[in-house]
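**Student:** I'd like to ask you about the structure that follows.
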Amino acid sequence: MGITISTLEYPEEIKTKLKDQFGAGFIFAEQENKDYTLFKIDFDQKKNFSTLEYLATIIADIVVDHLEKKFINRIIKHKYNNFSLDERDIIEEMTVDHLNESLTPDKNLGKILRREEITRQTIRYFNKNQDLNVEGFVRFRLKDYIDELKLAVELAVDDFIIEKEYNEFIDLLKYFVDIQEPRIKQANVTQTKNGSFKILDKLGNVINNEYLEGYLAEMFDGEVEYEDLLVSALINVAAEKIVLHFKKPDIEDTVRKIFDERVEVCDGCDLCNVSGNKSLIDEKKE
């Protein structure tokens with residue numbers, strides 16, 4: 001019994017895997033046919049299923065490790081050629097992340113699951129066919145897999161656009177802040193238990209609170225979040241120094257992106273306790 005595997009782009013990879021994965025009991029011959037390299041594999045009938053499984057594993061490895069990114073690149077180039085080359089590279093990386101995290105947060109496991117599914121489909125193909133062209137097999141026989149790649153690209157493009165627009169908006173706010181003249185020396189930001197914020201001056205007086213109690217929310221049809229209101233209020237306050245009296249890394253990151261070195265995070269004081277967050281001083285006492 002025999003199987004013939006042909007490939008346009010990956011003859012060395014297939015030859016290496018054939019030598020590495022098989023021992024005695026089979027013979028493979030390498031031939032050139034125009035641009036293609038053919039591997040004719042003969043093996044004992046008794047070892048039919050196990051050998052087919054090994055061959056299917058080789059095909060799955062080639063697809064996931066080599067062809068996958070090539071097909072992703074083609075999809076991006078065909079459907080989204082309005083992006084620059086650098087942007088396409090970023091989208092490609094984001095696509096692979098989507099693929100690896102679609103079924104499980106473990107990226108390695110996501111790749112393993114794709115290999116296993118391709119292996120199963122390849123075995124089914126070998127049960128009825130003796131000739132397999134690697135590139136053609138993926139394009140015409142693994143339709144569900146190609147659809148999965150296309151969906152992952154679409155999700156990556158959506159994420160990329162959202163992230164790009166967000167960064168452009170942050171840059172615009174940062175520019176606006178940079179050209180502003182500071183109005184007050186210091187703004188202290190505390191957070192209440194319901195998630196809203198209060199901004200106090202250096203003396204502890206509440207300032208500009210209407211921005212945090214829904215004034216801007218009307219402008220955004222109620223869809224704006226407290227974090228957005230805080231940023232808007234801080235821009236309006238135009239403080240020379242901003243002190244955050246709570247520990248929220250995501251909010252801190254956003255505020256730092258816009259206000260840079262003006263931002264500090266308090267290590268613990270009375271205002272930290274007022275905001276409903278234990279200060280580091282209290283934690284140390286415990």
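Following the order of the structure tokens, first chain is A, next is B, and so on, with residues numbered from 1 inside each chain and ligands from 1 in the order they appear.
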Just list the residues in segment 15-216 of chain A DSSP gives alpha helix (DSSP H) on the backbone, as a VMD selection string.

**Tutor:** chain A and resid 15 to 21 48 to 62 68 to 79 85 to 101 107 to 126 134 to 141 143 to 179

**Student:** Can you pull out every residue within 12 Å of segment 143-145 of chain A, counting only C-alpha atoms, but drop anything in the same chain fewer than 2 positions away, and send it as a list of chain:residue names?

**Tutor:** A:Ala60, A:Val63, A:Val64, A:Leu67, A:Glu68, A:Phe71, A:Ile72, A:Leu99, A:Leu113, A:Arg114, A:Arg115, A:Glu116, A:Glu117, A:Ile118, A:Thr119, A:Gln121, A:Gly136, A:Phe137, A:Val138, A:Arg139, A:Phe140, A:Arg141, A:Asp147, A:Glu148, A:Leu149, A:Lys150, A:Leu151, A:Ala152

**Student:** Got time to write the residues from that selection, C-alpha atoms, as a PDB file, in the first residue's frame?

**Tutor:**
```
ATOM      1  CA  ALA A  60      -1.214  18.896  10.405  1.00  0.00           C
ATOM      2  CA  VAL A  63      -0.386  23.356   8.056  1.00  0.00           C
ATOM      3  CA  VAL A  64      -0.359  24.873  11.558  1.00  0.00           C
ATOM      4  CA  LEU A  67       0.798  27.334   5.985  1.00  0.00           C
ATOM      5  CA  GLU A  68      -1.467  28.928   8.580  1.00  0.00           C
ATOM      6  CA  PHE A  71      -3.136  31.825   4.419  1.00  0.00           C
ATOM      7  CA  ILE A  72      -3.807  34.505   7.052  1.00  0.00           C
ATOM      8  CA  LEU A  99      -7.116  31.662  16.877  1.00  0.00           C
ATOM      9  CA  LEU A 113      -6.651  21.515  19.236  1.00  0.00           C
ATOM     10  CA  ARG A 114      -6.278  22.830  15.670  1.00  0.00           C
ATOM     11  CA  ARG A 115      -3.588  20.225  14.969  1.00  0.00           C
ATOM     12  CA  GLU A 116      -5.817  17.435  16.270  1.00  0.00           C
ATOM     13  CA  GLU A 117      -8.784  18.489  14.125  1.00  0.00           C
ATOM     14  CA  ILE A 118      -6.646  18.746  10.984  1.00  0.00           C
ATOM     15  CA  THR A 119      -5.130  15.338  11.781  1.00  0.00           C
ATOM     16  CA  GLN A 121      -9.699  15.281   8.698  1.00  0.00           C
ATOM     17  CA  GLY A 136      -4.468  22.139  -2.318  1.00  0.00           C
ATOM     18  CA  PHE A 137      -5.718  20.006   0.556  1.00  0.00           C
ATOM     19  CA  VAL A 138      -5.886  23.037   2.846  1.00  0.00           C
ATOM     20  CA  ARG A 139      -7.515  25.257   0.236  1.00  0.00           C
ATOM     21  CA  PHE A 140     -10.185  22.829  -0.990  1.00  0.00           C
ATOM     22  CA  ARG A 141     -10.658  20.219   1.733  1.00  0.00           C
ATOM     23  CA  ASP A 147     -13.512  29.863   7.494  1.00  0.00           C
ATOM     24  CA  GLU A 148     -12.048  29.863  11.000  1.00  0.00           C
ATOM     25  CA  LEU A 149      -9.027  31.783   9.708  1.00  0.00           C
ATOM     26  CA  LYS A 150     -11.268  34.311   7.941  1.00  0.00           C
ATOM     27  CA  LEU A 151     -13.330  34.878  11.086  1.00  0.00           C
ATOM     28  CA  ALA A 152     -10.196  35.326  13.179  1.00  0.00           C
TER      29      ALA A 152
END
```

**Student:** Smallest atom-to-atom distance to Asn81 of chain A: which of A:Ile123, A:Leu203, A:Val157, A:Ala56, using only C-alpha atoms?

**Tutor:** A:Val157

**Student:** Name the residues of segment 8-197 of chain A that fall into strand (DSSP E) according to DSSP on the backbone, using the chain letters and numbers of this document, as a PyMOL selection string.

**Tutor:** chain A and resi 26-33+36-43+131-133+184-191+197

**Student:** Any idea what the distance is between atom CA of Ala187 of chain A and atom CA of Thr254 of chain A?

**Tutor:** 16.3 Å

**Student:** Which residues are close to Phe83 of chain A, i.e. within 12 Å by only C-alpha atoms, leaving aside same-chain residues fewer than 4 positions away? Reply as a CSV table (one decimal) with N, CA and C atoms, in the first residue's frame.

**Tutor:**
```csv
chain,number,residue,atom,x,y,z
A,76,ILE,N,-5.7,38.7,4.6
A,76,ILE,CA,-5.5,40.1,4.9
A,76,ILE,C,-5.2,40.9,3.7
A,77,LYS,N,-4.3,40.4,2.9
A,77,LYS,CA,-3.9,41.1,1.6
A,77,LYS,C,-5.0,41.3,0.7
A,78,HIS,N,-5.9,40.2,0.6
A,78,HIS,CA,-7.0,40.2,-0.4
A,78,HIS,C,-8.1,41.1,0.1
A,79,LYS,N,-8.5,41.1,1.4
A,79,LYS,CA,-9.7,41.8,1.8
A,79,LYS,C,-9.3,43.1,2.5
A,87,GLU,N,0.8,47.7,9.4
A,87,GLU,CA,-0.5,47.4,10.1
A,87,GLU,C,-1.0,46.0,9.8
A,88,ARG,N,-0.7,45.5,8.6
A,88,ARG,CA,-1.1,44.1,8.3
A,88,ARG,C,-0.3,43.1,9.1
A,89,ASP,N,0.9,43.4,9.4
A,89,ASP,CA,1.7,42.6,10.3
A,89,ASP,C,1.1,42.5,11.7
A,90,ILE,N,0.7,43.7,12.2
A,90,ILE,CA,0.0,43.7,13.5
A,90,ILE,C,-1.3,42.9,13.5
A,91,ILE,N,-2.1,43.1,12.4
A,91,ILE,CA,-3.3,42.3,12.3
A,91,ILE,C,-3.1,40.8,12.2
A,92,GLU,N,-2.0,40.5,11.6
A,92,GLU,CA,-1.7,39.0,11.5
A,92,GLU,C,-1.4,38.5,12.9
A,157,VAL,N,-9.2,42.5,12.8
A,157,VAL,CA,-9.3,43.8,12.1
A,157,VAL,C,-10.2,44.8,13.0
A,160,PHE,N,-8.2,45.8,15.9
A,160,PHE,CA,-7.2,46.8,15.5
A,160,PHE,C,-7.7,48.2,15.2
A,161,ILE,N,-8.9,48.3,14.6
A,161,ILE,CA,-9.5,49.6,14.3
A,161,ILE,C,-9.9,50.3,15.6
A,164,LYS,N,-6.8,51.4,17.3
A,164,LYS,CA,-6.2,52.5,16.6
A,164,LYS,C,-6.9,53.8,16.9
```
